[in-house]
Amino acid sequence: GEKGLARKLSTLRALFKYYYNKEVIDNNVTSRIKTPKIHEKPILRLNQDEALKLLHVIDTGDGLTDKQKSFHHRTRLRDLAIFTLFLSTGIRISELCALDVSDIDLESRSFKVLRKGGNEAILYFSEQSARVLEKYIEQRKSAADYTKHSPLFLSLQKKRISVRALQMLVQKYARLAVPLKSISPHKLRSTYGTLLYEQTGDIYLVADVLGHKDVNTTRKHYAAIDETRRKQASEAVFFD
């Protein structure tokens with residue numbers, strides 16, 4: 001792919017530049033090779049109706065096989081809590097897997113995460129997420145597998161849920177809710193960022209909540225929305 005070619009070319013250029021500077025070679029041939037143009041792929045995300053349909057499938061189990069339904073009654077609240085957190089906070093999958101019960105404060109509707117680079121941050125979740133989390137924690141308490149310092153989300157084997165297990169969980173439900181879109185946990189993060197930007201128009205807020213150190217990273221991901229807003233702006237002022 002384009003990015004792979006550019007990355008390998010960059011490595012070769014560094015190697016040839018080193019040998020050229022050390023006078024091991026007389027000519028740096030890589031300096032004349034053009035870097036391939038990288039075309040950014042459109043960011044795949046859910047719209048609000050699709051996100052609601054996804055939550056509906058998780059809640060009801062519509063479309064699941066008989067075998068999947070035999071486990072669904074045990075994981076329904078857990079899965080709803082996971083997906084509402086994804087869609088109402090834009091949390092990274094690694095951050096979600098690392099959450100402990102003690103990281104959650106239902107009263108203030110907030111939780112503590114360890115961001116990339118080791119920085120701690122406080123994120124806030126919706127009232128809907130709070131209700132689902134409360135029901136899930138009550139279920140955990142009744143099952144006697146709950147302590148303040150235990151993992152927030154457990155697998156059926158009563159172990160901390162893994163990144164791979166969450167990826168497969170997202171794929172399972174997304175195939176039923178939006179079969180024409182290939183949805184991953186990162187796409188749910190993009191969905192939250194998109195909806196937040198559409199509601200606020202504040203790219204700096206989106207960057208802060210998503211944990212982007214550079215706002216230009218956020219701009220690159222939501223450039224298509226900027227284009228939509230510019231089109232809307234063309235119709236905002238008119239003269240009869």
# chains A, B, ... in the order shown; residues from 1 in each chain; ligands from 1
$ select_by_dssp --residues "range 6-239 of chain A" --states "strand (DSSP E or B)" --output "number ranges by chain"
A: 100, 104-105, 110-114, 120-124, 151, 154, 160
$ residues_around --residues "range 158-165 of chain A" --least-positions-apart "5" --cutoff "8 Å" --atoms "only C-alpha atoms" --output "NGL selection string"
:A and (93-94 or 97 or 145 or 151-153)
$ residues_around --residues "Pro185 in chain A" --least-positions-apart "5" --cutoff "10 Å" --atoms "only C-alpha atoms" --output "ChimeraX atom specification"
/A:83,86-87,90-94,163,166-171,190-191
$ write_last_selection --atoms "all heavy atoms" --output "compact mmCIF listing (two decimals), in the first residue's frame"
# COMPACT_ATOMS: atom_id res chain seq x y z
N PHE A 83 -20.66 -0.71 25.17
CA PHE A 83 -20.96 0.06 23.95
C PHE A 83 -21.44 1.47 24.26
O PHE A 83 -21.14 2.40 23.51
CB PHE A 83 -21.98 -0.69 23.10
CG PHE A 83 -21.38 -1.77 22.25
CD1 PHE A 83 -21.04 -2.99 22.81
CD2 PHE A 83 -21.12 -1.58 20.91
CE1 PHE A 83 -20.47 -4.01 22.05
CE2 PHE A 83 -20.55 -2.58 20.13
CZ PHE A 83 -20.23 -3.81 20.71
N PHE A 86 -18.28 3.38 24.90
CA PHE A 86 -17.63 3.67 23.63
C PHE A 86 -18.28 4.87 22.95
O PHE A 86 -17.61 5.81 22.50
CB PHE A 86 -17.73 2.47 22.69
CG PHE A 86 -16.58 1.50 22.76
CD1 PHE A 86 -16.81 0.14 22.75
CD2 PHE A 86 -15.27 1.94 22.79
CE1 PHE A 86 -15.76 -0.76 22.81
CE2 PHE A 86 -14.21 1.05 22.85
CZ PHE A 86 -14.47 -0.31 22.85
N LEU A 87 -19.62 4.84 22.87
CA LEU A 87 -20.35 5.82 22.07
C LEU A 87 -20.59 7.14 22.80
O LEU A 87 -20.93 8.13 22.16
CB LEU A 87 -21.69 5.23 21.64
CG LEU A 87 -21.61 4.09 20.60
CD1 LEU A 87 -22.95 3.39 20.47
CD2 LEU A 87 -21.13 4.62 19.26
N GLY A 90 -15.95 8.10 23.60
CA GLY A 90 -14.86 7.99 22.63
C GLY A 90 -13.61 7.36 23.22
O GLY A 90 -12.50 7.57 22.73
N ILE A 91 -13.76 6.56 24.26
CA ILE A 91 -12.62 5.94 24.94
C ILE A 91 -11.90 4.97 23.99
O ILE A 91 -12.51 4.35 23.13
CB ILE A 91 -13.12 5.19 26.21
CG1 ILE A 91 -11.95 4.72 27.07
CG2 ILE A 91 -14.04 4.03 25.84
CD1 ILE A 91 -12.39 4.13 28.40
N ARG A 92 -10.59 4.87 24.14
CA ARG A 92 -9.82 3.90 23.38
C ARG A 92 -10.09 2.49 23.91
O ARG A 92 -10.36 2.31 25.10
CB ARG A 92 -8.33 4.18 23.48
CG ARG A 92 -7.87 5.45 22.79
CD ARG A 92 -6.35 5.59 22.87
NE ARG A 92 -5.87 6.75 22.13
CZ ARG A 92 -5.68 7.95 22.66
NH1 ARG A 92 -5.95 8.14 23.96
NH2 ARG A 92 -5.25 8.96 21.94
N ILE A 93 -9.97 1.49 23.05
CA ILE A 93 -10.25 0.12 23.45
C ILE A 93 -9.30 -0.34 24.56
O ILE A 93 -9.71 -1.04 25.49
CB ILE A 93 -10.20 -0.84 22.23
CG1 ILE A 93 -10.60 -2.26 22.65
CG2 ILE A 93 -8.84 -0.83 21.58
CD1 ILE A 93 -10.77 -3.21 21.48
N SER A 94 -8.03 0.05 24.47
CA SER A 94 -7.06 -0.34 25.50
C SER A 94 -7.39 0.30 26.84
O SER A 94 -7.22 -0.31 27.91
CB SER A 94 -5.64 0.05 25.08
OG SER A 94 -5.56 1.45 24.83
N VAL A 163 -8.46 -7.08 24.68
CA VAL A 163 -8.68 -6.23 23.49
C VAL A 163 -9.24 -7.06 22.35
O VAL A 163 -10.18 -6.65 21.66
CB VAL A 163 -7.35 -5.56 23.08
CG1 VAL A 163 -7.47 -4.93 21.69
CG2 VAL A 163 -6.94 -4.51 24.10
N LEU A 166 -12.91 -7.84 22.81
CA LEU A 166 -13.75 -6.67 22.54
C LEU A 166 -13.88 -6.42 21.05
O LEU A 166 -14.94 -6.04 20.56
CB LEU A 166 -13.17 -5.44 23.23
CG LEU A 166 -13.69 -5.13 24.63
CD1 LEU A 166 -13.13 -3.82 25.14
CD2 LEU A 166 -15.20 -5.07 24.66
N GLN A 167 -12.79 -6.61 20.31
CA GLN A 167 -12.84 -6.44 18.86
C GLN A 167 -13.85 -7.41 18.24
O GLN A 167 -14.65 -7.03 17.37
CB GLN A 167 -11.46 -6.66 18.26
CG GLN A 167 -10.46 -5.57 18.59
CD GLN A 167 -9.04 -5.92 18.19
OE1 GLN A 167 -8.69 -7.10 18.07
NE2 GLN A 167 -8.20 -4.91 18.00
N MET A 168 -13.83 -8.65 18.69
CA MET A 168 -14.76 -9.65 18.17
C MET A 168 -16.20 -9.34 18.59
O MET A 168 -17.14 -9.57 17.83
CB MET A 168 -14.35 -11.04 18.67
CG MET A 168 -13.02 -11.52 18.11
SD MET A 168 -12.45 -13.07 18.86
CE MET A 168 -13.70 -14.20 18.24
N LEU A 169 -16.36 -8.78 19.79
CA LEU A 169 -17.69 -8.41 20.28
C LEU A 169 -18.29 -7.31 19.40
O LEU A 169 -19.47 -7.38 19.02
CB LEU A 169 -17.59 -7.93 21.72
CG LEU A 169 -18.87 -7.84 22.54
CD1 LEU A 169 -19.44 -9.23 22.80
CD2 LEU A 169 -18.60 -7.12 23.87
N VAL A 170 -17.48 -6.31 19.07
CA VAL A 170 -17.95 -5.22 18.21
C VAL A 170 -18.32 -5.75 16.84
O VAL A 170 -19.37 -5.40 16.28
CB VAL A 170 -16.86 -4.12 18.10
CG1 VAL A 170 -17.25 -3.09 17.03
CG2 VAL A 170 -16.65 -3.42 19.44
N GLN A 171 -17.49 -6.63 16.28
CA GLN A 171 -17.77 -7.19 14.96
C GLN A 171 -19.07 -7.99 14.97
O GLN A 171 -19.87 -7.92 14.03
CB GLN A 171 -16.61 -8.08 14.53
CG GLN A 171 -15.34 -7.33 14.18
CD GLN A 171 -14.16 -8.24 13.96
OE1 GLN A 171 -14.30 -9.47 13.93
NE2 GLN A 171 -12.97 -7.66 13.80
N SER A 190 -14.51 7.05 16.44
CA SER A 190 -14.72 8.07 15.40
C SER A 190 -16.16 8.55 15.38
O SER A 190 -16.43 9.72 15.11
CB SER A 190 -14.34 7.49 14.03
OG SER A 190 -12.97 7.20 13.96
N THR A 191 -17.09 7.62 15.65
CA THR A 191 -18.51 7.99 15.69
C THR A 191 -18.75 9.02 16.78
O THR A 191 -19.43 10.04 16.55
CB THR A 191 -19.37 6.73 15.96
OG1 THR A 191 -19.22 5.83 14.87
CG2 THR A 191 -20.84 7.11 16.13
$ residues_around --residues "Tyr197 in chain A" --least-positions-apart "3" --cutoff "10 Å" --atoms "only C-alpha atoms" --output "ChimeraX atom specification"
/A:191-194,200-207,222,225-226
$ residues_around --residues "range 48-51 of chain A" --least-positions-apart "2" --cutoff "8 Å" --atoms "only C-alpha atoms" --output "PDB file with N, CA and C atoms, in the first residue's frame"
ATOM      1  N   LEU A  46     -20.412   5.577  12.264  1.00  0.00           N
ATOM      2  CA  LEU A  46     -21.858   5.378  12.301  1.00  0.00           C
ATOM      3  C   LEU A  46     -22.547   6.735  12.410  1.00  0.00           C
ATOM      4  N   LYS A  53     -29.420   1.856  16.495  1.00  0.00           N
ATOM      5  CA  LYS A  53     -29.769   0.503  16.040  1.00  0.00           C
ATOM      6  C   LYS A  53     -28.798  -0.515  16.633  1.00  0.00           C
ATOM      7  N   LEU A  54     -27.521  -0.152  16.710  1.00  0.00           N
ATOM      8  CA  LEU A  54     -26.522  -1.036  17.300  1.00  0.00           C
ATOM      9  C   LEU A  54     -26.841  -1.323  18.765  1.00  0.00           C
ATOM     10  N   LEU A  55     -27.189  -0.291  19.515  1.00  0.00           N
ATOM     11  CA  LEU A  55     -27.543  -0.469  20.929  1.00  0.00           C
ATOM     12  C   LEU A  55     -28.813  -1.314  21.067  1.00  0.00           C
ATOM     13  N   LEU A  87     -19.616   4.836  22.869  1.00  0.00           N
ATOM     14  CA  LEU A  87     -20.352   5.820  22.074  1.00  0.00           C
ATOM     15  C   LEU A  87     -20.589   7.137  22.799  1.00  0.00           C
ATOM     16  N   ALA A 177     -26.268  -5.017  12.992  1.00  0.00           N
ATOM     17  CA  ALA A 177     -26.873  -3.681  12.981  1.00  0.00           C
ATOM     18  C   ALA A 177     -26.585  -2.924  11.698  1.00  0.00           C
ATOM     19  N   VAL A 178     -25.340  -3.000  11.214  1.00  0.00           N
ATOM     20  CA  VAL A 178     -24.945  -2.255  10.006  1.00  0.00           C
ATOM     21  C   VAL A 178     -24.119  -3.185   9.105  1.00  0.00           C
ATOM     22  N   LEU A 195     -19.995  12.921  16.137  1.00  0.00           N
ATOM     23  CA  LEU A 195     -21.236  13.453  16.714  1.00  0.00           C
ATOM     24  C   LEU A 195     -20.950  14.629  17.646  1.00  0.00           C
TER      25      LEU A 195
END
$ select_by_dssp --residues "range 2-240 of chain A" --states "alpha helix (DSSP H)" --output "number ranges by chain"
A: 2-21, 48-60, 66-89, 93-97, 127-142, 163-177, 185-200, 203-210, 215-221, 223-236
$ decode --residues "range 55-93 of chain A" --atoms "N, CA and C atoms" --output "short mmCIF file (atom, residue, chain, number, x, y, z; two decimals), in the first residue's frame"
data_model
loop_
_atom_site.label_atom_id
_atom_site.label_comp_id
_atom_site.auth_asym_id
_atom_site.auth_seq_id
_atom_site.Cartn_x
_atom_site.Cartn_y
_atom_site.Cartn_z
N LEU A 55 -27.19 -0.29 19.52
CA LEU A 55 -27.54 -0.47 20.93
C LEU A 55 -28.81 -1.31 21.07
N HIS A 56 -29.74 -1.16 20.12
CA HIS A 56 -30.98 -1.93 20.16
C HIS A 56 -30.69 -3.42 19.96
N VAL A 57 -29.80 -3.74 19.03
CA VAL A 57 -29.43 -5.14 18.78
C VAL A 57 -28.79 -5.75 20.02
N ILE A 58 -27.92 -4.98 20.68
CA ILE A 58 -27.27 -5.47 21.90
C ILE A 58 -28.28 -5.70 23.00
N ASP A 59 -29.24 -4.80 23.11
CA ASP A 59 -30.24 -4.88 24.17
C ASP A 59 -31.19 -6.06 23.97
N THR A 60 -31.61 -6.28 22.74
CA THR A 60 -32.63 -7.29 22.46
C THR A 60 -32.06 -8.64 22.03
N GLY A 61 -30.86 -8.62 21.44
CA GLY A 61 -30.30 -9.86 20.90
C GLY A 61 -30.89 -10.24 19.56
N ASP A 62 -31.62 -9.32 18.92
CA ASP A 62 -32.22 -9.60 17.62
C ASP A 62 -31.16 -10.01 16.60
N GLY A 63 -31.39 -11.14 15.94
CA GLY A 63 -30.48 -11.59 14.89
C GLY A 63 -29.39 -12.53 15.36
N LEU A 64 -29.23 -12.69 16.66
CA LEU A 64 -28.21 -13.60 17.17
C LEU A 64 -28.63 -15.05 16.93
N THR A 65 -27.65 -15.92 16.78
CA THR A 65 -27.94 -17.34 16.63
C THR A 65 -28.42 -17.92 17.97
N ASP A 66 -28.98 -19.10 17.92
CA ASP A 66 -29.45 -19.74 19.15
C ASP A 66 -28.30 -19.92 20.14
N LYS A 67 -27.15 -20.29 19.63
CA LYS A 67 -25.98 -20.47 20.51
C LYS A 67 -25.57 -19.15 21.14
N GLN A 68 -25.54 -18.07 20.34
CA GLN A 68 -25.19 -16.76 20.86
C GLN A 68 -26.21 -16.27 21.89
N LYS A 69 -27.49 -16.58 21.64
CA LYS A 69 -28.54 -16.16 22.56
C LYS A 69 -28.42 -16.86 23.92
N SER A 70 -27.84 -18.09 23.93
CA SER A 70 -27.69 -18.82 25.18
C SER A 70 -26.71 -18.12 26.12
N PHE A 71 -25.82 -17.28 25.55
CA PHE A 71 -24.88 -16.50 26.37
C PHE A 71 -25.34 -15.06 26.56
N HIS A 72 -26.24 -14.61 25.67
CA HIS A 72 -26.60 -13.19 25.65
C HIS A 72 -27.21 -12.72 26.96
N HIS A 73 -28.04 -13.55 27.60
CA HIS A 73 -28.69 -13.12 28.84
C HIS A 73 -27.66 -12.89 29.95
N ARG A 74 -26.49 -13.53 29.83
CA ARG A 74 -25.44 -13.36 30.84
C ARG A 74 -24.55 -12.15 30.56
N THR A 75 -24.46 -11.77 29.29
CA THR A 75 -23.53 -10.69 28.92
C THR A 75 -24.24 -9.41 28.47
N ARG A 76 -25.57 -9.42 28.41
CA ARG A 76 -26.31 -8.28 27.86
C ARG A 76 -25.96 -6.97 28.54
N LEU A 77 -26.04 -6.92 29.87
CA LEU A 77 -25.76 -5.67 30.58
C LEU A 77 -24.30 -5.26 30.44
N ARG A 78 -23.41 -6.23 30.48
CA ARG A 78 -21.99 -5.91 30.28
C ARG A 78 -21.77 -5.30 28.91
N ASP A 79 -22.34 -5.92 27.88
CA ASP A 79 -22.15 -5.44 26.51
C ASP A 79 -22.77 -4.07 26.30
N LEU A 80 -23.95 -3.86 26.88
CA LEU A 80 -24.58 -2.53 26.79
C LEU A 80 -23.71 -1.47 27.45
N ALA A 81 -23.15 -1.80 28.61
CA ALA A 81 -22.29 -0.85 29.32
C ALA A 81 -21.05 -0.53 28.49
N ILE A 82 -20.47 -1.55 27.88
CA ILE A 82 -19.27 -1.35 27.05
C ILE A 82 -19.58 -0.43 25.88
N PHE A 83 -20.66 -0.71 25.17
CA PHE A 83 -20.96 0.06 23.95
C PHE A 83 -21.44 1.47 24.26
N THR A 84 -22.18 1.65 25.35
CA THR A 84 -22.59 3.01 25.70
C THR A 84 -21.39 3.85 26.11
N LEU A 85 -20.40 3.23 26.76
CA LEU A 85 -19.17 3.96 27.10
C LEU A 85 -18.41 4.33 25.83
N PHE A 86 -18.28 3.38 24.90
CA PHE A 86 -17.63 3.67 23.63
C PHE A 86 -18.28 4.87 22.95
N LEU A 87 -19.62 4.84 22.87
CA LEU A 87 -20.35 5.82 22.07
C LEU A 87 -20.59 7.14 22.80
N SER A 88 -20.42 7.16 24.13
CA SER A 88 -20.68 8.42 24.85
C SER A 88 -19.40 9.06 25.39
N THR A 89 -18.24 8.42 25.17
CA THR A 89 -16.98 9.01 25.66
C THR A 89 -15.86 8.97 24.62
N GLY A 90 -15.95 8.10 23.60
CA GLY A 90 -14.86 7.99 22.63
C GLY A 90 -13.61 7.36 23.22
N ILE A 91 -13.76 6.56 24.26
CA ILE A 91 -12.62 5.94 24.94
C ILE A 91 -11.90 4.97 23.99
N ARG A 92 -10.59 4.87 24.14
CA ARG A 92 -9.82 3.90 23.38
C ARG A 92 -10.09 2.49 23.91
N ILE A 93 -9.97 1.49 23.05
CA ILE A 93 -10.25 0.12 23.45
C ILE A 93 -9.30 -0.34 24.56
#
